[in-house]
Structures are given as structure tokens and as C-alpha cells.
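Okay, protein-v1.txt now, which holds compact mmCIF, C-alpha atoms:
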# COMPACT_ATOMS: atom_id res chain seq x y z
CA MET R 24 0.00 0.00 0.00
CA THR R 25 2.85 2.41 0.83
CA ASN R 26 4.35 2.02 -2.65
CA ALA R 27 0.94 2.58 -4.20
CA ILE R 28 0.44 5.77 -2.22
CA SER R 29 3.90 7.01 -3.25
CA ALA R 30 3.13 6.36 -6.91
CA THR R 31 -0.21 8.14 -6.62
CA ILE R 32 1.42 11.16 -4.98
CA ASN R 33 4.02 11.31 -7.76
CA LEU R 34 1.21 11.37 -10.30
CA GLY R 35 -0.49 14.18 -8.40
CA PHE R 36 -3.81 12.36 -7.99
CA ARG R 37 -4.94 14.23 -4.90
CA LYS R 38 -8.45 12.80 -4.66
CA THR R 39 -7.12 9.27 -4.99
CA VAL R 40 -4.54 9.93 -2.27
CA GLU R 41 -7.31 11.24 -0.02
CA THR R 42 -9.32 8.07 -0.59
CA MET R 43 -6.34 5.78 0.02
CA LEU R 44 -5.51 7.50 3.30
CA LYS R 45 -8.95 6.56 4.62
CA LEU R 46 -8.35 2.84 4.15
CA ASP R 47 -7.86 0.68 7.23
CA GLY R 48 -4.31 -0.10 8.24
CA VAL R 49 -2.63 2.72 6.32
CA ASP R 50 0.51 3.97 8.08
CA VAL R 51 1.11 7.46 6.74
CA ASN R 52 4.67 7.45 8.09
CA ALA R 53 5.68 4.08 6.64
CA ARG R 54 8.50 4.08 4.08
CA ASP R 55 8.24 2.79 0.54
CA ASP R 56 10.81 0.61 -1.21
CA ASP R 57 12.93 3.70 -1.87
CA GLY R 58 13.03 4.57 1.82
CA ARG R 59 10.70 7.57 1.56
CA THR R 60 7.60 8.38 3.55
CA ALA R 61 4.51 9.67 1.76
CA LEU R 62 5.28 13.23 2.85
CA GLY R 63 8.86 12.76 1.66
CA VAL R 64 7.58 11.76 -1.77
CA CYS R 65 5.34 14.82 -1.72
CA VAL R 66 8.27 17.14 -0.92
CA LEU R 67 10.37 15.65 -3.72
CA ALA R 68 7.47 15.93 -6.16
CA ALA R 69 7.05 19.61 -5.29
CA ALA R 70 10.78 20.15 -5.77
CA GLN R 71 10.58 18.61 -9.24
CA SER R 72 7.26 20.17 -10.24
CA GLN R 73 6.97 21.58 -13.74
CA SER R 74 4.48 24.33 -12.94
CA ARG R 75 3.09 26.30 -10.03
CA ASN R 76 -0.17 24.41 -10.33
CA GLU R 77 1.69 21.12 -9.88
CA ALA R 78 3.55 22.52 -6.88
CA ARG R 79 0.32 23.84 -5.37
CA ASN R 80 -1.32 20.44 -5.86
CA GLN R 81 1.53 18.79 -3.95
CA LEU R 82 1.07 21.33 -1.15
CA GLU R 83 -2.57 20.29 -0.87
CA ILE R 84 -1.53 16.63 -0.83
CA GLY R 85 0.98 17.49 1.88
CA ARG R 86 -1.79 19.05 3.94
CA LEU R 87 -3.84 15.88 3.58
CA LEU R 88 -0.90 13.79 4.77
CA VAL R 89 -0.12 16.01 7.76
CA ALA R 90 -3.80 16.03 8.73
CA ARG R 91 -3.52 12.23 8.86
CA GLY R 92 -0.47 12.41 11.13
CA ALA R 93 2.45 12.56 8.69
CA ARG R 94 5.69 13.70 10.32
CA ALA R 95 8.35 15.83 8.67
CA ASP R 96 11.26 14.89 10.94
CA ALA R 97 12.12 11.61 9.19
CA LEU R 98 11.10 11.76 5.53
CA GLY R 99 13.78 9.56 3.99
CA ASP R 100 17.46 9.19 3.21
CA ALA R 101 17.68 11.47 0.16
CA ARG R 102 19.74 14.62 0.75
CA LEU R 103 16.76 16.93 0.26
CA LEU R 104 14.67 14.89 2.68
CA GLN R 105 17.36 15.23 5.33
CA SER R 106 16.77 18.99 5.16
CA PRO R 107 13.24 19.39 3.74
CA LEU R 108 13.09 23.10 4.58
CA VAL R 109 15.49 23.70 1.70
CA MET R 110 12.83 22.75 -0.84
CA PRO R 111 10.54 25.80 -0.54
CA ILE R 112 13.41 28.22 -1.25
CA THR R 113 15.00 26.23 -4.08
CA SER R 114 12.06 24.86 -6.07
CA LEU R 115 11.50 27.08 -9.12
CA ASN R 116 7.74 26.79 -8.72
CA VAL R 117 7.59 27.36 -4.97
CA ALA R 118 10.32 29.88 -4.09
CA GLY R 119 9.06 33.43 -3.87
CA THR R 120 5.37 32.48 -3.93
CA ASP R 121 2.89 32.56 -1.09
CA ASP R 122 3.09 28.76 -1.10
CA MET R 123 6.70 29.07 0.08
CA TYR R 124 5.49 30.31 3.46
CA ALA R 125 2.70 27.71 3.49
CA TRP R 126 5.24 24.91 2.99
CA TYR R 127 7.32 26.20 5.90
CA ASP R 128 4.29 26.38 8.16
CA LEU R 129 3.26 22.88 7.11
CA LEU R 130 6.66 21.22 7.47
CA ILE R 131 7.69 22.95 10.69
CA GLY R 132 4.26 22.24 12.15
CA ALA R 133 4.77 18.57 11.27
CA GLY R 134 8.10 18.40 13.08
CA ALA R 135 10.76 19.68 10.66
CA ASP R 136 13.60 21.26 12.63
CA PRO R 137 13.94 25.02 11.94
CA ASN R 138 17.57 24.70 13.04
CA SER R 139 18.39 21.89 10.63
CA THR R 140 21.48 22.37 8.49
CA SER R 141 22.07 21.87 4.79
CA GLU R 142 25.02 21.95 2.43
CA VAL R 143 25.95 25.25 0.79
CA LEU R 144 28.82 26.12 -1.55
CA VAL R 145 30.83 29.06 -0.15
CA ASP R 146 33.91 30.33 -1.98
CA GLY R 147 34.52 26.94 -3.54
CA PHE R 148 34.01 25.09 -0.27
CA ARG R 149 31.11 22.87 0.65
CA CYS R 150 29.90 23.71 4.14
CA ARG R 151 26.76 23.37 6.20
CA MET R 152 24.53 26.22 7.32
CA SER R 153 21.39 26.45 9.39
CA MET R 154 18.26 27.40 7.45
CA LEU R 155 18.32 30.91 8.90
CA SER R 156 21.96 31.44 7.95
CA ARG R 157 21.26 30.09 4.48
CA VAL R 158 18.34 32.46 3.92
CA LEU R 159 20.46 35.39 5.12
CA PHE R 160 23.51 34.36 3.10
CA PHE R 161 21.53 34.47 -0.15
CA PHE R 162 20.05 37.92 0.50
CA PRO R 163 21.69 39.29 -2.69
CA VAL R 164 19.97 36.63 -4.83
CA THR R 165 16.61 38.16 -5.76
CA ALA R 166 15.73 36.28 -8.95
CA LEU R 167 13.18 34.12 -7.13
CA ILE R 168 12.88 35.66 -3.67
CA THR R 169 12.79 39.44 -3.29
CA THR R 170 14.41 41.05 -0.28
CA GLU R 171 10.92 41.84 1.05
CA LYS R 172 9.87 38.20 0.90
CA ARG R 173 13.21 37.11 2.33
CA LEU R 174 12.59 39.35 5.35
CA ALA R 175 9.16 37.75 5.84
CA LEU R 176 10.79 34.32 5.66
CA ILE R 177 13.39 35.32 8.26
CA LYS R 178 10.61 36.42 10.60
CA LEU R 179 8.80 33.11 10.02
CA LEU R 180 11.91 31.08 10.85
CA LEU R 181 12.69 33.11 13.98
CA ARG R 182 9.10 32.82 15.16
CA ALA R 183 9.32 29.05 14.62
CA GLY R 184 12.38 28.80 16.86
CA ALA R 185 15.34 29.27 14.52
CA ASN R 186 18.40 30.19 16.56
CA PRO R 187 20.50 33.01 15.05
CA CYS R 188 23.37 32.07 17.33
CA VAL R 189 23.76 28.58 15.86
CA ARG R 190 27.30 28.26 14.58
CA ASP R 191 27.70 25.62 11.90
CA GLN R 192 31.08 24.10 11.24
CA GLY R 193 32.10 23.29 7.70
CA LEU R 194 32.36 19.51 7.29
CA ASP R 195 34.35 17.59 4.71
CA LEU R 196 35.06 20.77 2.79
CA LEU R 197 36.14 20.11 -0.76
CA ARG R 198 37.70 22.61 -3.17
CA ASP R 199 36.90 22.03 -6.80
CA TRP R 200 40.61 21.90 -7.59
CA GLY R 201 42.10 20.35 -4.49
CA PRO R 202 41.99 17.41 -2.09
CA ARG R 203 39.50 16.97 0.73
CA SER R 204 40.19 19.10 3.78
CA TYR R 205 38.50 20.00 7.02
CA ALA R 206 37.78 23.51 8.26
CA CYS R 207 36.46 25.09 11.42
CA THR R 208 34.97 28.16 9.79
CA THR R 209 31.70 29.10 11.44
CA TYR R 210 28.65 30.47 9.68
CA SER R 211 26.35 32.20 12.14
CA ALA R 212 23.41 34.39 11.14
CA THR R 213 25.45 37.52 11.85
CA TRP R 214 28.27 36.28 9.63
CA ALA R 215 25.80 35.48 6.85
CA LEU R 216 24.37 39.01 6.99
CA ASP R 217 27.80 40.63 6.94
CA ASP R 218 28.98 38.43 4.10
CA ALA R 219 25.84 39.18 2.07
CA VAL R 220 26.41 42.94 2.19
CA ALA R 221 30.12 42.45 1.48
CA ARG R 222 29.18 40.67 -1.75
CA ALA R 223 26.41 43.13 -2.60
CA PRO R 224 27.16 46.56 -1.03
CA GLU R 225 23.88 47.97 -2.36
CA LEU R 226 22.09 45.91 0.30
CA ALA R 227 23.22 48.47 2.86
CA ASP R 228 20.53 50.77 1.45
CA ASP R 229 17.86 48.08 1.15
CA GLU R 230 15.16 48.63 3.78
CA HIS R 231 14.40 44.94 4.08
CA TYR R 232 18.04 43.97 4.56
CA VAL R 233 18.43 46.71 7.18
CA ALA R 234 15.27 45.51 8.94
CA ALA R 235 16.53 41.91 8.88
CA LYS R 236 19.87 42.95 10.35
CA CYS R 237 18.17 44.91 13.14
CA LEU R 238 15.84 42.00 13.81
CA VAL R 239 18.63 39.42 14.05
CA LYS R 240 20.73 41.74 16.20
CA GLY R 241 17.77 42.32 18.51
CA VAL R 242 16.98 38.62 18.84
CA VAL R 243 20.62 37.80 19.58
CA ALA R 244 20.76 40.51 22.25
CA ALA R 245 17.47 39.43 23.83
CA GLY R 246 18.37 35.75 23.81
CA SER R 247 15.37 34.50 21.82
CA TYR R 248 12.68 35.72 19.46
CA LYS R 249 10.02 35.42 22.14
CA LYS R 250 12.01 37.58 24.54
CA TYR R 251 12.68 40.06 21.74
CA VAL R 252 9.00 40.62 20.88
CA ARG R 253 8.20 40.98 24.57
CA LEU R 254 10.68 43.81 25.17
CA PRO R 255 8.21 46.60 24.25
CA LEU R 256 5.62 44.96 26.50
CA GLN R 257 8.03 45.03 29.42
CA GLU R 258 8.67 48.72 28.78
CA LEU R 259 4.92 49.32 28.73
CA LEU R 260 4.48 47.54 32.05
CA ASN R 261 7.28 49.60 33.56
CA LEU R 262 5.50 52.79 32.51
CA LEU R 263 2.18 51.51 33.87
CA SER R 264 3.82 50.62 37.15
CA LEU R 265 5.17 54.16 37.49
CA ALA R 266 1.76 55.61 36.65
CA GLN R 267 0.00 53.36 39.16
CA ARG R 268 2.35 54.58 41.88
CA GLY R 269 1.70 58.20 40.97
CA LYS R 270 5.23 58.79 39.70
CA LEU R 271 4.16 59.33 36.11
CA THR R 272 1.22 61.08 34.48
CA THR R 273 -0.10 60.83 30.95
CA THR R 274 -2.62 62.57 28.74
CA ASP R 275 -2.93 59.57 26.43
CA PRO R 276 -6.47 58.13 26.81
CA VAL R 277 -5.33 54.56 26.15
CA MET R 278 -2.59 54.73 28.77
CA LYS R 279 -5.03 56.30 31.22
CA ALA R 280 -7.44 53.42 30.68
CA LEU R 281 -4.68 50.86 31.22
CA VAL R 282 -3.50 52.37 34.50
CA GLY R 283 -6.40 50.80 36.34
CA VAL R 284 -6.01 47.36 34.76
CA ASP R 285 -4.13 44.57 36.51
CA ASN R 286 -0.63 44.21 35.06
CA HIS R 287 -1.05 40.45 34.61
CA VAL R 288 -4.07 41.03 32.40
CA VAL R 289 -2.22 43.64 30.35
CA TRP R 290 0.77 41.28 29.95
CA ASN R 291 -1.35 38.33 28.83
CA VAL R 292 -3.35 40.36 26.33
CA PHE R 293 -0.40 42.14 24.77
CA THR R 294 1.76 39.00 24.74
CA TYR R 295 -0.92 37.17 22.79
CA TRP R 296 -1.19 40.10 20.38
CA ALA R 297 2.58 40.42 19.88
CA GLU R 298 3.23 36.70 19.34
CA SER R 299 0.23 35.91 17.16
If you took the structure in this file and wrote it as C-alpha cells, what would it be?
Amino acid sequence: MTNAISATINLGFRKTVETMLKLDGVDVNARDDDGRTALGVCVLAAAQSQSRNEARNQLEIGRLLVARGARADALGDARLLQSPLVMPITSLNVAGTDDMYAWYDLLIGAGADPNSTSEVLVDGFRCRMSMLSRVLFFFPVTALITTEKRLALIKLLLRAGANPCVRDQGLDLLRDWGPRSYACTTYSATWALDDAVARAPELADDEHYVAAKCLVKGVVAAGSYKKYVRLPLQELLNLLSLAQRGKLTTTDPVMKALVGVDNHVVWNVFTYWAES
């Protein structure tokens, strides 16, 4: 049955896949003869899609699979399936579209690690980078993903738990003209940002690059994305505390209304708003 489901996914027969998933005894996370789960086959099919309609159809199939319990943390042994989050930014029919974000939400929600690493070619060397570092490193490449969309993707990854402080060591680095060697070069998010603007100085004037750099710097300083988005809330509570003790006055009607509200209520409401 697993092989049949894989073949049906490859053909893009969404309705048939939906019917097959309802059959008794179907294990949506079982592997086929090629060592791929159904969701793994779906990811590969999206990567190889010939049109945006095909890619969108695979996204819908992916949603069906995840709704049935498919996991994205063990899709198969193929290189792309080891780092499935690479697919949405490299597939010609997914990268730069709204479906790119949808794939990230789907895969991360199904267990894909936002801090997973993948192989990248840097100055003739093959190294590994976290997804966040990879997205930042390719800031100058706007053929598929504009700087505006790249900024939105960075926010998505950080919100999902991507760590900008992850430092990825290059492994089994291989120059095109030389023997295998090993290196200890690190590729953090900050390095990726600095290297991007070094390769494309015009980024220094790009509002989305500047916003991304400020965002990453702020998250690093705060310790996490959650702490970063809560900083303004903490400042607000500090002001409210001063006002409640009569050490601060305000003419702002909203602030006046908040002075009489319990700080715990204010924190919970604004935290939900900031993190949603």
C-alpha cells in the first residue's frame, strides 16, 4: 500500500490519495521501497514540479498527509529529505510564492527542525549552514525571492524557533581543484548578513536587509525571538507601574485606561497580540 500511495502522490492524484488515506491499516509514516515516507515523496514531487499548479497540488496533498499524522522529521534518506526546509526556497515553482510560506508552516508544524542544516557552496568550499543562515547568506539573490519576501521568511523562521546564534562548522570541505580538507569556519546568522552585504554593497541601502539585520541583532541581544518581541511589553508595564504609583502622568487616553487594569491582564493580552 505504501508504494501505491507514493506512486499516486508522484502522479499528483490528490483525490485518490485522499481516498487511500482513509483505508484501514494505512501507516502514513511508513516508508516505501525507496526509503521515503509519503510526505517525503510529496516534498520531492514539489521540488521537481513543472508548474506552479503542480507545486500547489503537492502542497494540498501534503496538507492531507499532515492532517492524517504525517511527520516531517524523518522523511527519507535522500539529501533533500534530510533537510526538507530547503525545498521551498529552491524549487523554481515554490520559491518566492505565497506557497513558500505555506510549505514552511506545514513542514515545521509537522516536526521539521527550523535549526536543521544543509550543504551550501561558499567560496569553492562545501559547508553546512542552518536554514536561517542560508536564507540570510543568499540575500543578494533576488531572482526568485525578493528582499521583502526574504525578510518575511526570516521572521517566520525566527518565530518558529530558529536560533540566530547557531554556529555551523564546515564539514568535509572540498575545493573544486584540491583534495579533501577540514575547516572550522563558522557560519552564524550575523556572519551570513555581513557576508551578504560584502558581496552586494547595495544591500546596505535596502530597507528589508536593514530591517533583517536589526531583527537578528535584537533577537541575539534578547536571547530569543520570544524575549525580543516581549521587550516593548516590558517597557509598557514599567510605565504603567510608574503611573499606578503616581510617579508618572499621561494625557494619552489609552494609557489612562490601562493604568487601572491589573498588570497580569495587560501582559497576557499584549503578549498574545505580539506573538500571534
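Between R:Gly184 and the candidates R:Thr213, R:Ser114, R:Thr165, R:Ser153, the tightest atom-to-atom separation, counting only C-alpha atoms, involves R:Ser153.
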Show which residues sit within 8 Å of R:Phe162, as an NGL selection string. Count all atoms listed in the file, and ignore same-chain residues fewer than 3 positions away.
:R and (158-159 or 165 or 170 or 173 or 216 or 219 or 232)
Nearest residue to R:Arg79 from the set R:Arg37, R:Arg54, R:Arg253, R:Arg268 (distances using only C-alpha atoms)
R:Arg37
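Within 10 Å of R:Ser156, once all atoms listed in the file are used and residues closer than 3 positions along the same chain are dropped, the contacting residues are Asn138, Thr140, Arg151, Met152, Ser153, Leu159, Phe160, Phe161, Ile177, Ala185, Asn186, Pro187, Cys188, Val189, Arg190, Asp191, Tyr210, Ser211, Ala212, Thr213, Trp214, Ala215 and Leu216 of chain R.
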Contacts of R:Ala133 at 8 Å or less, counting all atoms listed in the file, minus same-chain residues fewer than 2 places along, as a list in words?
Val89, Ala93, Arg94, Ala95, Asp96, Leu129, Leu130, Ile131 and Ala135 of chain R
Might I get the box with edges along x, y and z of the file that holds all atoms of stretch 145-154 of chain R listed there, padded by 3 Å on every side, given as centre and edge lengths in Å to one decimal, as AutoDock Vina command-line options?
--center_x 26.4 --center_y 26.6 --center_z 2.9 --size_x 22.3 --size_y 13.5 --size_z 18.9
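Residues with at least one atom no more than 8 Å from (6.5, 22.7, -9.9), using all atoms listed in the file, are Ala68, Ala69, Ala70, Gln71, Ser72, Gln73, Ser74, Arg75, Asn76, Glu77, Ala78, Arg79, Ser114, Leu115, Asn116 and Val117 of chain R.
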Output C-alpha atoms for every residue in that selection, as an mmCIF file, in the frame of the given file.
data_model
loop_
_atom_site.group_PDB
_atom_site.id
_atom_site.type_symbol
_atom_site.label_atom_id
_atom_site.label_comp_id
_atom_site.auth_asym_id
_atom_site.auth_seq_id
_atom_site.Cartn_x
_atom_site.Cartn_y
_atom_site.Cartn_z
ATOM 1 C CA ALA R 68 7.470 15.930 -6.160
ATOM 2 C CA ALA R 69 7.050 19.610 -5.290
ATOM 3 C CA ALA R 70 10.780 20.150 -5.770
ATOM 4 C CA GLN R 71 10.580 18.610 -9.240
ATOM 5 C CA SER R 72 7.260 20.170 -10.240
ATOM 6 C CA GLN R 73 6.970 21.580 -13.740
ATOM 7 C CA SER R 74 4.480 24.330 -12.940
ATOM 8 C CA ARG R 75 3.090 26.300 -10.030
ATOM 9 C CA ASN R 76 -0.170 24.410 -10.330
ATOM 10 C CA GLU R 77 1.690 21.120 -9.880
ATOM 11 C CA ALA R 78 3.550 22.520 -6.880
ATOM 12 C CA ARG R 79 0.320 23.840 -5.370
ATOM 13 C CA SER R 114 12.060 24.860 -6.070
ATOM 14 C CA LEU R 115 11.500 27.080 -9.120
ATOM 15 C CA ASN R 116 7.740 26.790 -8.720
ATOM 16 C CA VAL R 117 7.590 27.360 -4.970
#
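Shortest atom-to-atom contact with R:Gly58 among R:Gly85, R:Asn80, R:Ile32, R:Ala101: R:Ala101, counting all atoms listed in the file.
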What's the 8 Å shell around stretch 61-66 of chain R, counting only C-alpha atoms, without same-chain residues fewer than 5 positions away, as a compact mmCIF listing (two decimals) with C-alpha atoms, in the coordinates of the input?
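This is the output file around-v4.txt:
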# COMPACT_ATOMS: atom_id res chain seq x y z
CA THR R 25 2.85 2.41 0.83
CA ILE R 28 0.44 5.77 -2.22
CA SER R 29 3.90 7.01 -3.25
CA ILE R 32 1.42 11.16 -4.98
CA ASN R 33 4.02 11.31 -7.76
CA VAL R 51 1.11 7.46 6.74
CA ASN R 52 4.67 7.45 8.09
CA ALA R 53 5.68 4.08 6.64
CA ARG R 54 8.50 4.08 4.08
CA ASP R 55 8.24 2.79 0.54
CA GLN R 81 1.53 18.79 -3.95
CA LEU R 82 1.07 21.33 -1.15
CA ILE R 84 -1.53 16.63 -0.83
CA GLY R 85 0.98 17.49 1.88
CA LEU R 88 -0.90 13.79 4.77
CA VAL R 89 -0.12 16.01 7.76
CA ALA R 93 2.45 12.56 8.69
CA ARG R 94 5.69 13.70 10.32
CA ALA R 95 8.35 15.83 8.67
CA LEU R 98 11.10 11.76 5.53
CA GLY R 99 13.78 9.56 3.99
CA LEU R 104 14.67 14.89 2.68
CA PRO R 107 13.24 19.39 3.74
CA MET R 110 12.83 22.75 -0.84
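Our summary of the geometry notes that atom CA of R:Thr31 is positioned 20.2 Å from atom CA of R:Asp100.
Between atom CA of R:Ala227 and atom CA of R:Val243 the interatomic distance comes to 20.0 Å.
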Model the absent atoms of stretch 131-147 of chain R so that N, CA and C atoms are present, and write the result as a short mmCIF file (atom, residue, chain, number, x, y, z; two decimals), in the coordinates of the input.
data_model
loop_
_atom_site.label_atom_id
_atom_site.label_comp_id
_atom_site.auth_asym_id
_atom_site.auth_seq_id
_atom_site.Cartn_x
_atom_site.Cartn_y
_atom_site.Cartn_z
N ILE R 131 7.26 22.68 9.31
CA ILE R 131 7.69 22.95 10.69
C ILE R 131 6.61 22.48 11.67
N GLY R 132 5.36 22.71 11.30
CA GLY R 132 4.26 22.24 12.15
C GLY R 132 4.22 20.73 12.27
N ALA R 133 4.76 20.04 11.26
CA ALA R 133 4.77 18.57 11.27
C ALA R 133 6.07 18.01 11.84
N GLY R 134 6.92 18.89 12.38
CA GLY R 134 8.10 18.40 13.08
C GLY R 134 9.44 18.68 12.43
N ALA R 135 9.47 19.34 11.27
CA ALA R 135 10.76 19.68 10.66
C ALA R 135 11.50 20.66 11.57
N ASP R 136 12.78 20.46 11.72
CA ASP R 136 13.60 21.26 12.63
C ASP R 136 14.00 22.58 11.98
N PRO R 137 13.55 23.73 12.53
CA PRO R 137 13.94 25.02 11.94
C PRO R 137 15.42 25.31 12.07
N ASN R 138 16.12 24.53 12.89
CA ASN R 138 17.57 24.70 13.04
C ASN R 138 18.36 23.62 12.30
N SER R 139 17.69 22.90 11.41
CA SER R 139 18.39 21.89 10.63
C SER R 139 19.41 22.56 9.72
N THR R 140 20.44 21.82 9.35
CA THR R 140 21.48 22.37 8.49
C THR R 140 21.44 21.71 7.12
N SER R 141 22.00 22.40 6.14
CA SER R 141 22.07 21.87 4.79
C SER R 141 23.37 22.33 4.15
N GLU R 142 23.75 21.66 3.09
CA GLU R 142 25.02 21.95 2.43
C GLU R 142 24.91 23.17 1.52
N VAL R 143 25.89 24.04 1.61
CA VAL R 143 25.95 25.25 0.79
C VAL R 143 27.37 25.41 0.26
N LEU R 144 27.50 25.88 -0.97
CA LEU R 144 28.82 26.12 -1.55
C LEU R 144 29.23 27.56 -1.26
N VAL R 145 30.33 27.73 -0.53
CA VAL R 145 30.83 29.06 -0.15
C VAL R 145 32.28 29.19 -0.58
N ASP R 146 32.54 30.09 -1.52
CA ASP R 146 33.91 30.33 -1.98
C ASP R 146 34.62 29.04 -2.39
N GLY R 147 33.91 28.18 -3.08
CA GLY R 147 34.52 26.94 -3.54
C GLY R 147 34.52 25.82 -2.53
#
